[in-house]
Every structure is written in structure tokens, then in C-alpha cells.
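One file, coords.cif, carrying mmCIF, N, CA and C atoms:
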```
data_start
loop_
_atom_site.group_PDB
_atom_site.id
_atom_site.type_symbol
_atom_site.label_atom_id
_atom_site.label_comp_id
_atom_site.auth_asym_id
_atom_site.auth_seq_id
_atom_site.Cartn_x
_atom_site.Cartn_y
_atom_site.Cartn_z
ATOM 1 N N MET A 1 -39.500 6.455 6.464
ATOM 2 C CA MET A 1 -38.829 5.577 7.414
ATOM 3 C C MET A 1 -37.431 5.258 6.893
ATOM 4 N N ALA A 2 -36.442 5.338 7.759
ATOM 5 C CA ALA A 2 -35.059 5.074 7.385
ATOM 6 C C ALA A 2 -34.851 3.592 7.102
ATOM 7 N N LYS A 3 -34.039 3.329 6.111
ATOM 8 C CA LYS A 3 -33.717 1.961 5.746
ATOM 9 C C LYS A 3 -32.799 1.350 6.800
ATOM 10 N N GLN A 4 -33.088 0.133 7.211
ATOM 11 C CA GLN A 4 -32.254 -0.580 8.172
ATOM 12 C C GLN A 4 -31.241 -1.448 7.411
ATOM 13 N N LEU A 5 -30.005 -1.346 7.773
ATOM 14 C CA LEU A 5 -28.967 -2.197 7.207
ATOM 15 C C LEU A 5 -28.483 -3.151 8.282
ATOM 16 N N ASN A 6 -28.134 -4.320 7.867
ATOM 17 C CA ASN A 6 -27.569 -5.293 8.785
ATOM 18 C C ASN A 6 -26.088 -5.419 8.439
ATOM 19 N N ILE A 7 -25.308 -4.491 8.965
ATOM 20 C CA ILE A 7 -23.883 -4.449 8.661
ATOM 21 C C ILE A 7 -23.150 -5.366 9.633
ATOM 22 N N ARG A 8 -22.474 -6.323 9.061
ATOM 23 C CA ARG A 8 -21.707 -7.257 9.891
ATOM 24 C C ARG A 8 -20.210 -7.038 9.737
ATOM 25 N N LYS A 9 -19.852 -6.105 8.908
ATOM 26 C CA LYS A 9 -18.439 -5.801 8.682
ATOM 27 C C LYS A 9 -17.848 -5.136 9.920
ATOM 28 N N LYS A 10 -16.553 -5.256 10.029
ATOM 29 C CA LYS A 10 -15.801 -4.585 11.096
ATOM 30 C C LYS A 10 -14.622 -3.866 10.458
ATOM 31 N N VAL A 11 -14.327 -2.690 10.967
ATOM 32 C CA VAL A 11 -13.213 -1.898 10.464
ATOM 33 C C VAL A 11 -12.011 -2.096 11.376
ATOM 34 N N ILE A 12 -10.854 -2.223 10.771
ATOM 35 C CA ILE A 12 -9.606 -2.268 11.524
ATOM 36 C C ILE A 12 -9.070 -0.839 11.538
ATOM 37 N N TRP A 13 -9.033 -0.230 12.716
ATOM 38 C CA TRP A 13 -8.585 1.150 12.864
ATOM 39 C C TRP A 13 -8.300 1.433 14.315
ATOM 40 N N SER A 14 -7.667 2.541 14.561
ATOM 41 C CA SER A 14 -7.414 2.989 15.937
ATOM 42 C C SER A 14 -8.146 4.306 16.125
ATOM 43 N N ALA A 15 -9.046 4.327 17.074
ATOM 44 C CA ALA A 15 -9.823 5.533 17.342
ATOM 45 C C ALA A 15 -8.936 6.604 17.966
ATOM 46 N N PRO A 16 -8.928 7.805 17.397
ATOM 47 C CA PRO A 16 -8.149 8.887 18.003
ATOM 48 C C PRO A 16 -8.859 9.430 19.236
ATOM 49 N N ALA A 17 -8.123 10.084 20.087
ATOM 50 C CA ALA A 17 -8.727 10.733 21.251
ATOM 51 C C ALA A 17 -9.547 11.923 20.777
ATOM 52 N N GLY A 18 -10.615 12.191 21.488
ATOM 53 C CA GLY A 18 -11.439 13.340 21.145
ATOM 54 C C GLY A 18 -12.904 12.975 21.083
ATOM 55 N N SER A 19 -13.651 13.814 20.425
ATOM 56 C CA SER A 19 -15.095 13.653 20.342
ATOM 57 C C SER A 19 -15.488 12.557 19.355
ATOM 58 N N ARG A 20 -16.760 12.236 19.358
ATOM 59 C CA ARG A 20 -17.281 11.239 18.407
ATOM 60 C C ARG A 20 -17.080 11.711 16.976
ATOM 61 N N PHE A 21 -17.078 13.014 16.759
ATOM 62 C CA PHE A 21 -16.930 13.532 15.410
ATOM 63 C C PHE A 21 -15.496 13.405 14.909
ATOM 64 N N VAL A 22 -14.530 13.581 15.787
ATOM 65 C CA VAL A 22 -13.124 13.361 15.442
ATOM 66 C C VAL A 22 -12.926 11.879 15.111
ATOM 67 N N ALA A 23 -13.466 11.010 15.961
ATOM 68 C CA ALA A 23 -13.350 9.573 15.735
ATOM 69 C C ALA A 23 -14.075 9.163 14.456
ATOM 70 N N LEU A 24 -15.214 9.760 14.203
ATOM 71 C CA LEU A 24 -15.993 9.413 13.018
ATOM 72 C C LEU A 24 -15.226 9.725 11.736
ATOM 73 N N ALA A 25 -14.549 10.839 11.695
ATOM 74 C CA ALA A 25 -13.761 11.191 10.512
ATOM 75 C C ALA A 25 -12.694 10.135 10.239
ATOM 76 N N SER A 26 -12.029 9.681 11.270
ATOM 77 C CA SER A 26 -11.017 8.641 11.131
ATOM 78 C C SER A 26 -11.649 7.313 10.720
ATOM 79 N N PHE A 27 -12.792 7.000 11.325
ATOM 80 C CA PHE A 27 -13.503 5.763 11.005
ATOM 81 C C PHE A 27 -13.906 5.735 9.526
ATOM 82 N N VAL A 28 -14.421 6.842 9.033
ATOM 83 C CA VAL A 28 -14.869 6.911 7.634
ATOM 84 C C VAL A 28 -13.695 6.665 6.691
ATOM 85 N N LYS A 29 -12.560 7.278 6.956
ATOM 86 C CA LYS A 29 -11.376 7.066 6.113
ATOM 87 C C LYS A 29 -10.973 5.595 6.108
ATOM 88 N N ALA A 30 -10.983 4.974 7.277
ATOM 89 C CA ALA A 30 -10.617 3.556 7.374
ATOM 90 C C ALA A 30 -11.632 2.682 6.637
ATOM 91 N N ALA A 31 -12.905 2.977 6.797
ATOM 92 C CA ALA A 31 -13.955 2.190 6.137
ATOM 93 C C ALA A 31 -13.849 2.314 4.619
ATOM 94 N N GLU A 32 -13.587 3.509 4.127
ATOM 95 C CA GLU A 32 -13.425 3.706 2.677
ATOM 96 C C GLU A 32 -12.246 2.885 2.162
ATOM 97 N N THR A 33 -11.144 2.934 2.893
ATOM 98 C CA THR A 33 -9.942 2.195 2.506
ATOM 99 C C THR A 33 -10.204 0.688 2.483
ATOM 100 N N GLN A 34 -11.085 0.228 3.375
ATOM 101 C CA GLN A 34 -11.356 -1.195 3.508
ATOM 102 C C GLN A 34 -12.567 -1.651 2.683
ATOM 103 N N GLY A 35 -13.029 -0.801 1.773
ATOM 104 C CA GLY A 35 -14.016 -1.223 0.793
ATOM 105 C C GLY A 35 -15.474 -1.151 1.206
ATOM 106 N N TRP A 36 -15.792 -0.399 2.238
ATOM 107 C CA TRP A 36 -17.194 -0.242 2.609
ATOM 108 C C TRP A 36 -17.900 0.579 1.543
ATOM 109 N N THR A 37 -19.174 0.318 1.332
ATOM 110 C CA THR A 37 -19.958 1.098 0.382
ATOM 111 C C THR A 37 -20.338 2.439 1.005
ATOM 112 N N ASP A 38 -20.686 3.385 0.142
ATOM 113 C CA ASP A 38 -21.142 4.688 0.639
ATOM 114 C C ASP A 38 -22.372 4.534 1.516
ATOM 115 N N GLU A 39 -23.256 3.630 1.145
ATOM 116 C CA GLU A 39 -24.482 3.400 1.921
ATOM 117 C C GLU A 39 -24.164 2.885 3.325
ATOM 118 N N GLU A 40 -23.211 1.964 3.425
ATOM 119 C CA GLU A 40 -22.818 1.433 4.733
ATOM 120 C C GLU A 40 -22.189 2.511 5.598
ATOM 121 N N ILE A 41 -21.316 3.302 5.009
ATOM 122 C CA ILE A 41 -20.659 4.374 5.759
ATOM 123 C C ILE A 41 -21.685 5.400 6.213
ATOM 124 N N GLN A 42 -22.601 5.766 5.340
ATOM 125 C CA GLN A 42 -23.620 6.752 5.687
ATOM 126 C C GLN A 42 -24.497 6.255 6.822
ATOM 127 N N TYR A 43 -24.801 4.976 6.814
ATOM 128 C CA TYR A 43 -25.631 4.389 7.866
ATOM 129 C C TYR A 43 -24.949 4.539 9.236
ATOM 130 N N VAL A 44 -23.667 4.197 9.295
ATOM 131 C CA VAL A 44 -22.923 4.323 10.553
ATOM 132 C C VAL A 44 -22.807 5.797 10.935
ATOM 133 N N LEU A 45 -22.508 6.644 9.970
ATOM 134 C CA LEU A 45 -22.417 8.079 10.232
ATOM 135 C C LEU A 45 -23.709 8.593 10.851
ATOM 136 N N ASP A 46 -24.846 8.230 10.276
ATOM 137 C CA ASP A 46 -26.141 8.658 10.818
ATOM 138 C C ASP A 46 -26.352 8.151 12.239
ATOM 139 N N GLU A 47 -25.973 6.897 12.476
ATOM 140 C CA GLU A 47 -26.114 6.336 13.829
ATOM 141 C C GLU A 47 -25.322 7.148 14.852
ATOM 142 N N VAL A 48 -24.092 7.474 14.503
ATOM 143 C CA VAL A 48 -23.218 8.198 15.429
ATOM 144 C C VAL A 48 -23.728 9.623 15.656
ATOM 145 N N VAL A 49 -24.094 10.302 14.606
ATOM 146 C CA VAL A 49 -24.573 11.688 14.724
ATOM 147 C C VAL A 49 -25.863 11.758 15.545
ATOM 148 N N ASP A 50 -26.707 10.747 15.434
ATOM 149 C CA ASP A 50 -27.991 10.744 16.136
ATOM 150 C C ASP A 50 -27.883 10.407 17.625
ATOM 151 N N THR A 51 -26.696 10.027 18.106
ATOM 152 C CA THR A 51 -26.565 9.712 19.529
ATOM 153 C C THR A 51 -26.615 10.988 20.362
ATOM 154 N N ASP A 52 -26.875 10.819 21.653
ATOM 155 C CA ASP A 52 -27.040 11.963 22.554
ATOM 156 C C ASP A 52 -25.734 12.603 22.998
ATOM 157 N N ASP A 53 -24.646 11.825 22.981
ATOM 158 C CA ASP A 53 -23.378 12.380 23.471
ATOM 159 C C ASP A 53 -22.203 11.602 22.896
ATOM 160 N N ASP A 54 -20.997 12.071 23.211
ATOM 161 C CA ASP A 54 -19.790 11.439 22.674
ATOM 162 C C ASP A 54 -19.656 9.984 23.112
ATOM 163 N N ALA A 55 -19.953 9.699 24.360
ATOM 164 C CA ALA A 55 -19.819 8.320 24.857
ATOM 165 C C ALA A 55 -20.703 7.361 24.057
ATOM 166 N N ALA A 56 -21.920 7.760 23.805
ATOM 167 C CA ALA A 56 -22.834 6.903 23.037
ATOM 168 C C ALA A 56 -22.366 6.773 21.591
ATOM 169 N N GLY A 57 -21.878 7.853 21.010
ATOM 170 C CA GLY A 57 -21.373 7.799 19.642
ATOM 171 C C GLY A 57 -20.152 6.917 19.512
ATOM 172 N N LEU A 58 -19.258 7.016 20.483
ATOM 173 C CA LEU A 58 -18.065 6.164 20.473
ATOM 174 C C LEU A 58 -18.432 4.699 20.682
ATOM 175 N N ALA A 59 -19.475 4.441 21.441
ATOM 176 C CA ALA A 59 -19.948 3.059 21.632
ATOM 177 C C ALA A 59 -20.467 2.485 20.324
ATOM 178 N N VAL A 60 -21.158 3.291 19.542
ATOM 179 C CA VAL A 60 -21.623 2.834 18.222
ATOM 180 C C VAL A 60 -20.426 2.460 17.362
ATOM 181 N N LEU A 61 -19.425 3.331 17.324
ATOM 182 C CA LEU A 61 -18.234 3.035 16.527
ATOM 183 C C LEU A 61 -17.528 1.777 17.015
ATOM 184 N N ALA A 62 -17.524 1.560 18.306
ATOM 185 C CA ALA A 62 -16.893 0.352 18.864
ATOM 186 C C ALA A 62 -17.585 -0.908 18.353
ATOM 187 N N ASP A 63 -18.889 -0.828 18.112
ATOM 188 C CA ASP A 63 -19.625 -1.979 17.584
ATOM 189 C C ASP A 63 -19.177 -2.365 16.179
ATOM 190 N N TYR A 64 -18.634 -1.412 15.442
ATOM 191 C CA TYR A 64 -18.187 -1.663 14.071
ATOM 192 C C TYR A 64 -16.668 -1.799 13.971
ATOM 193 N N THR A 65 -16.020 -1.959 15.107
ATOM 194 C CA THR A 65 -14.562 -2.045 15.153
ATOM 195 C C THR A 65 -14.108 -3.481 15.384
ATOM 196 N N ALA A 66 -13.168 -3.930 14.542
ATOM 197 C CA ALA A 66 -12.596 -5.263 14.730
ATOM 198 C C ALA A 66 -11.761 -5.255 15.999
ATOM 199 N N ARG A 67 -11.894 -6.297 16.763
ATOM 200 C CA ARG A 67 -11.155 -6.373 18.024
ATOM 201 C C ARG A 67 -9.946 -7.233 17.882
#
```

Can I see the file as C-alpha cells?
Amino acid sequence: MAKQLNIRKKVIWSAPAGSRFVALASFVKAAETQGWTDEEIQYVLDEVVDTDDDAAGLAVLADYTAR
């Protein structure tokens, strides 16, 4: 069973146009710069990859984005 994390952090970044995978690469760089742990980044990465389509993946990333 996958470990559940309760991540309350938000990343300050601008999502580039394109697929969830393009956005994810940018998100990971921003999260690393802002001090996220590897475990936290991997958790978000897994969430995004496991979605059914780009819209759902981008919605996951939006949940971790500072507004």
C-alpha cells in the first residue's frame, strides 16, 4: 500500500503551456528550489502520472500551487 502524505506546502511557479508532463518537469524544479523533500516531490509526481489525462494531472498540480 502506498504511503499517504499530507502535503500542505504550496509551490510558487508558473505552469508552462503543454502537457501534464511538461508542467510536471517545471513544477519539480520549482519544488526543489523551494526546499521540498524528495519524498514530497515523488508523491506529487506519482499523483500526476497516475491521472487519466492532462486536465486531471494539471488539476493535481494546481492543488499544490500557491495562488

Original post:
What does the PyMOL selection byres ((chain A and resi 16-22) around 8) select in this file, as number ranges by chain?
Top reply: A: 13-15, 23-27, 48-49, 53-59

Those same residues - N, CA and C atoms - I'd like them written as a PDB file, in the frame of the given file.
```
ATOM      1  N   TRP A  13      -9.033  -0.230  12.716  1.00  0.00           N
ATOM      2  CA  TRP A  13      -8.585   1.150  12.864  1.00  0.00           C
ATOM      3  C   TRP A  13      -8.300   1.433  14.315  1.00  0.00           C
ATOM      4  N   SER A  14      -7.667   2.541  14.561  1.00  0.00           N
ATOM      5  CA  SER A  14      -7.414   2.989  15.937  1.00  0.00           C
ATOM      6  C   SER A  14      -8.146   4.306  16.125  1.00  0.00           C
ATOM      7  N   ALA A  15      -9.046   4.327  17.074  1.00  0.00           N
ATOM      8  CA  ALA A  15      -9.823   5.533  17.342  1.00  0.00           C
ATOM      9  C   ALA A  15      -8.936   6.604  17.966  1.00  0.00           C
ATOM     10  N   ALA A  23     -13.466  11.010  15.961  1.00  0.00           N
ATOM     11  CA  ALA A  23     -13.350   9.573  15.735  1.00  0.00           C
ATOM     12  C   ALA A  23     -14.075   9.163  14.456  1.00  0.00           C
ATOM     13  N   LEU A  24     -15.214   9.760  14.203  1.00  0.00           N
ATOM     14  CA  LEU A  24     -15.993   9.413  13.018  1.00  0.00           C
ATOM     15  C   LEU A  24     -15.226   9.725  11.736  1.00  0.00           C
ATOM     16  N   ALA A  25     -14.549  10.839  11.695  1.00  0.00           N
ATOM     17  CA  ALA A  25     -13.761  11.191  10.512  1.00  0.00           C
ATOM     18  C   ALA A  25     -12.694  10.135  10.239  1.00  0.00           C
ATOM     19  N   SER A  26     -12.029   9.681  11.270  1.00  0.00           N
ATOM     20  CA  SER A  26     -11.017   8.641  11.131  1.00  0.00           C
ATOM     21  C   SER A  26     -11.649   7.313  10.720  1.00  0.00           C
ATOM     22  N   PHE A  27     -12.792   7.000  11.325  1.00  0.00           N
ATOM     23  CA  PHE A  27     -13.503   5.763  11.005  1.00  0.00           C
ATOM     24  C   PHE A  27     -13.906   5.735   9.526  1.00  0.00           C
ATOM     25  N   VAL A  48     -24.092   7.474  14.503  1.00  0.00           N
ATOM     26  CA  VAL A  48     -23.218   8.198  15.429  1.00  0.00           C
ATOM     27  C   VAL A  48     -23.728   9.623  15.656  1.00  0.00           C
ATOM     28  N   VAL A  49     -24.094  10.302  14.606  1.00  0.00           N
ATOM     29  CA  VAL A  49     -24.573  11.688  14.724  1.00  0.00           C
ATOM     30  C   VAL A  49     -25.863  11.758  15.545  1.00  0.00           C
ATOM     31  N   ASP A  53     -24.646  11.825  22.981  1.00  0.00           N
ATOM     32  CA  ASP A  53     -23.378  12.380  23.471  1.00  0.00           C
ATOM     33  C   ASP A  53     -22.203  11.602  22.896  1.00  0.00           C
ATOM     34  N   ASP A  54     -20.997  12.071  23.211  1.00  0.00           N
ATOM     35  CA  ASP A  54     -19.790  11.439  22.674  1.00  0.00           C
ATOM     36  C   ASP A  54     -19.656   9.984  23.112  1.00  0.00           C
ATOM     37  N   ALA A  55     -19.953   9.699  24.360  1.00  0.00           N
ATOM     38  CA  ALA A  55     -19.819   8.320  24.857  1.00  0.00           C
ATOM     39  C   ALA A  55     -20.703   7.361  24.057  1.00  0.00           C
ATOM     40  N   ALA A  56     -21.920   7.760  23.805  1.00  0.00           N
ATOM     41  CA  ALA A  56     -22.834   6.903  23.037  1.00  0.00           C
ATOM     42  C   ALA A  56     -22.366   6.773  21.591  1.00  0.00           C
ATOM     43  N   GLY A  57     -21.878   7.853  21.010  1.00  0.00           N
ATOM     44  CA  GLY A  57     -21.373   7.799  19.642  1.00  0.00           C
ATOM     45  C   GLY A  57     -20.152   6.917  19.512  1.00  0.00           C
ATOM     46  N   LEU A  58     -19.258   7.016  20.483  1.00  0.00           N
ATOM     47  CA  LEU A  58     -18.065   6.164  20.473  1.00  0.00           C
ATOM     48  C   LEU A  58     -18.432   4.699  20.682  1.00  0.00           C
ATOM     49  N   ALA A  59     -19.475   4.441  21.441  1.00  0.00           N
ATOM     50  CA  ALA A  59     -19.948   3.059  21.632  1.00  0.00           C
ATOM     51  C   ALA A  59     -20.467   2.485  20.324  1.00  0.00           C
TER      52      ALA A  59
END
```

Original post:
Could you pull the residues within 8 Å of Ile12 (chain A), counting only N, CA and C atoms, minus those fewer than 4 positions along the same chain, as JSON, numbers by chain?
Top reply: {"A": [27, 30, 31, 34, 64, 65, 66, 67]}

**OP:** Report the residues of chain A whose backbone DSSP state falls under helix (DSSP H, G or I), written as a ChimeraX atom specification.
**Re:** /A:20-33,38-49,54-63

Restrict the selected residues to N, CA and C atoms and save them as a JSON list (two decimals), in the frame of the given file.
```
[["chain", "number", "residue", "atom", "x", "y", "z"],
["A", 20, "ARG", "N", -16.76, 12.24, 19.36],
["A", 20, "ARG", "CA", -17.28, 11.24, 18.41],
["A", 20, "ARG", "C", -17.08, 11.71, 16.98],
["A", 21, "PHE", "N", -17.08, 13.01, 16.76],
["A", 21, "PHE", "CA", -16.93, 13.53, 15.41],
["A", 21, "PHE", "C", -15.50, 13.40, 14.91],
["A", 22, "VAL", "N", -14.53, 13.58, 15.79],
["A", 22, "VAL", "CA", -13.12, 13.36, 15.44],
["A", 22, "VAL", "C", -12.93, 11.88, 15.11],
["A", 23, "ALA", "N", -13.47, 11.01, 15.96],
["A", 23, "ALA", "CA", -13.35, 9.57, 15.74],
["A", 23, "ALA", "C", -14.08, 9.16, 14.46],
["A", 24, "LEU", "N", -15.21, 9.76, 14.20],
["A", 24, "LEU", "CA", -15.99, 9.41, 13.02],
["A", 24, "LEU", "C", -15.23, 9.72, 11.74],
["A", 25, "ALA", "N", -14.55, 10.84, 11.70],
["A", 25, "ALA", "CA", -13.76, 11.19, 10.51],
["A", 25, "ALA", "C", -12.69, 10.14, 10.24],
["A", 26, "SER", "N", -12.03, 9.68, 11.27],
["A", 26, "SER", "CA", -11.02, 8.64, 11.13],
["A", 26, "SER", "C", -11.65, 7.31, 10.72],
["A", 27, "PHE", "N", -12.79, 7.00, 11.32],
["A", 27, "PHE", "CA", -13.50, 5.76, 11.00],
["A", 27, "PHE", "C", -13.91, 5.74, 9.53],
["A", 28, "VAL", "N", -14.42, 6.84, 9.03],
["A", 28, "VAL", "CA", -14.87, 6.91, 7.63],
["A", 28, "VAL", "C", -13.70, 6.66, 6.69],
["A", 29, "LYS", "N", -12.56, 7.28, 6.96],
["A", 29, "LYS", "CA", -11.38, 7.07, 6.11],
["A", 29, "LYS", "C", -10.97, 5.60, 6.11],
["A", 30, "ALA", "N", -10.98, 4.97, 7.28],
["A", 30, "ALA", "CA", -10.62, 3.56, 7.37],
["A", 30, "ALA", "C", -11.63, 2.68, 6.64],
["A", 31, "ALA", "N", -12.90, 2.98, 6.80],
["A", 31, "ALA", "CA", -13.96, 2.19, 6.14],
["A", 31, "ALA", "C", -13.85, 2.31, 4.62],
["A", 32, "GLU", "N", -13.59, 3.51, 4.13],
["A", 32, "GLU", "CA", -13.42, 3.71, 2.68],
["A", 32, "GLU", "C", -12.25, 2.88, 2.16],
["A", 33, "THR", "N", -11.14, 2.93, 2.89],
["A", 33, "THR", "CA", -9.94, 2.19, 2.51],
["A", 33, "THR", "C", -10.20, 0.69, 2.48],
["A", 38, "ASP", "N", -20.69, 3.38, 0.14],
["A", 38, "ASP", "CA", -21.14, 4.69, 0.64],
["A", 38, "ASP", "C", -22.37, 4.53, 1.52],
["A", 39, "GLU", "N", -23.26, 3.63, 1.14],
["A", 39, "GLU", "CA", -24.48, 3.40, 1.92],
["A", 39, "GLU", "C", -24.16, 2.88, 3.32],
["A", 40, "GLU", "N", -23.21, 1.96, 3.42],
["A", 40, "GLU", "CA", -22.82, 1.43, 4.73],
["A", 40, "GLU", "C", -22.19, 2.51, 5.60],
["A", 41, "ILE", "N", -21.32, 3.30, 5.01],
["A", 41, "ILE", "CA", -20.66, 4.37, 5.76],
["A", 41, "ILE", "C", -21.68, 5.40, 6.21],
["A", 42, "GLN", "N", -22.60, 5.77, 5.34],
["A", 42, "GLN", "CA", -23.62, 6.75, 5.69],
["A", 42, "GLN", "C", -24.50, 6.26, 6.82],
["A", 43, "TYR", "N", -24.80, 4.98, 6.81],
["A", 43, "TYR", "CA", -25.63, 4.39, 7.87],
["A", 43, "TYR", "C", -24.95, 4.54, 9.24],
["A", 44, "VAL", "N", -23.67, 4.20, 9.30],
["A", 44, "VAL", "CA", -22.92, 4.32, 10.55],
["A", 44, "VAL", "C", -22.81, 5.80, 10.94],
["A", 45, "LEU", "N", -22.51, 6.64, 9.97],
["A", 45, "LEU", "CA", -22.42, 8.08, 10.23],
["A", 45, "LEU", "C", -23.71, 8.59, 10.85],
["A", 46, "ASP", "N", -24.85, 8.23, 10.28],
["A", 46, "ASP", "CA", -26.14, 8.66, 10.82],
["A", 46, "ASP", "C", -26.35, 8.15, 12.24],
["A", 47, "GLU", "N", -25.97, 6.90, 12.48],
["A", 47, "GLU", "CA", -26.11, 6.34, 13.83],
["A", 47, "GLU", "C", -25.32, 7.15, 14.85],
["A", 48, "VAL", "N", -24.09, 7.47, 14.50],
["A", 48, "VAL", "CA", -23.22, 8.20, 15.43],
["A", 48, "VAL", "C", -23.73, 9.62, 15.66],
["A", 49, "VAL", "N", -24.09, 10.30, 14.61],
["A", 49, "VAL", "CA", -24.57, 11.69, 14.72],
["A", 49, "VAL", "C", -25.86, 11.76, 15.54],
["A", 54, "ASP", "N", -21.00, 12.07, 23.21],
["A", 54, "ASP", "CA", -19.79, 11.44, 22.67],
["A", 54, "ASP", "C", -19.66, 9.98, 23.11],
["A", 55, "ALA", "N", -19.95, 9.70, 24.36],
["A", 55, "ALA", "CA", -19.82, 8.32, 24.86],
["A", 55, "ALA", "C", -20.70, 7.36, 24.06],
["A", 56, "ALA", "N", -21.92, 7.76, 23.80],
["A", 56, "ALA", "CA", -22.83, 6.90, 23.04],
["A", 56, "ALA", "C", -22.37, 6.77, 21.59],
["A", 57, "GLY", "N", -21.88, 7.85, 21.01],
["A", 57, "GLY", "CA", -21.37, 7.80, 19.64],
["A", 57, "GLY", "C", -20.15, 6.92, 19.51],
["A", 58, "LEU", "N", -19.26, 7.02, 20.48],
["A", 58, "LEU", "CA", -18.07, 6.16, 20.47],
["A", 58, "LEU", "C", -18.43, 4.70, 20.68],
["A", 59, "ALA", "N", -19.48, 4.44, 21.44],
["A", 59, "ALA", "CA", -19.95, 3.06, 21.63],
["A", 59, "ALA", "C", -20.47, 2.48, 20.32],
["A", 60, "VAL", "N", -21.16, 3.29, 19.54],
["A", 60, "VAL", "CA", -21.62, 2.83, 18.22],
["A", 60, "VAL", "C", -20.43, 2.46, 17.36],
["A", 61, "LEU", "N", -19.42, 3.33, 17.32],
["A", 61, "LEU", "CA", -18.23, 3.04, 16.53],
["A", 61, "LEU", "C", -17.53, 1.78, 17.02],
["A", 62, "ALA", "N", -17.52, 1.56, 18.31],
["A", 62, "ALA", "CA", -16.89, 0.35, 18.86],
["A", 62, "ALA", "C", -17.58, -0.91, 18.35],
["A", 63, "ASP", "N", -18.89, -0.83, 18.11],
["A", 63, "ASP", "CA", -19.62, -1.98, 17.58],
["A", 63, "ASP", "C", -19.18, -2.37, 16.18]]
```

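Interatomic distance, atom C of Thr37 (chain A) against atom C of Thr51 (chain A): 22.1 Å.
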
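You will find CA of Gly35 (chain A) at 27.3 Å from atom N of Asp52 (chain A).
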
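Atom C of Tyr43 (chain A) is found 7.9 Å from atom N of Leu5 (chain A).
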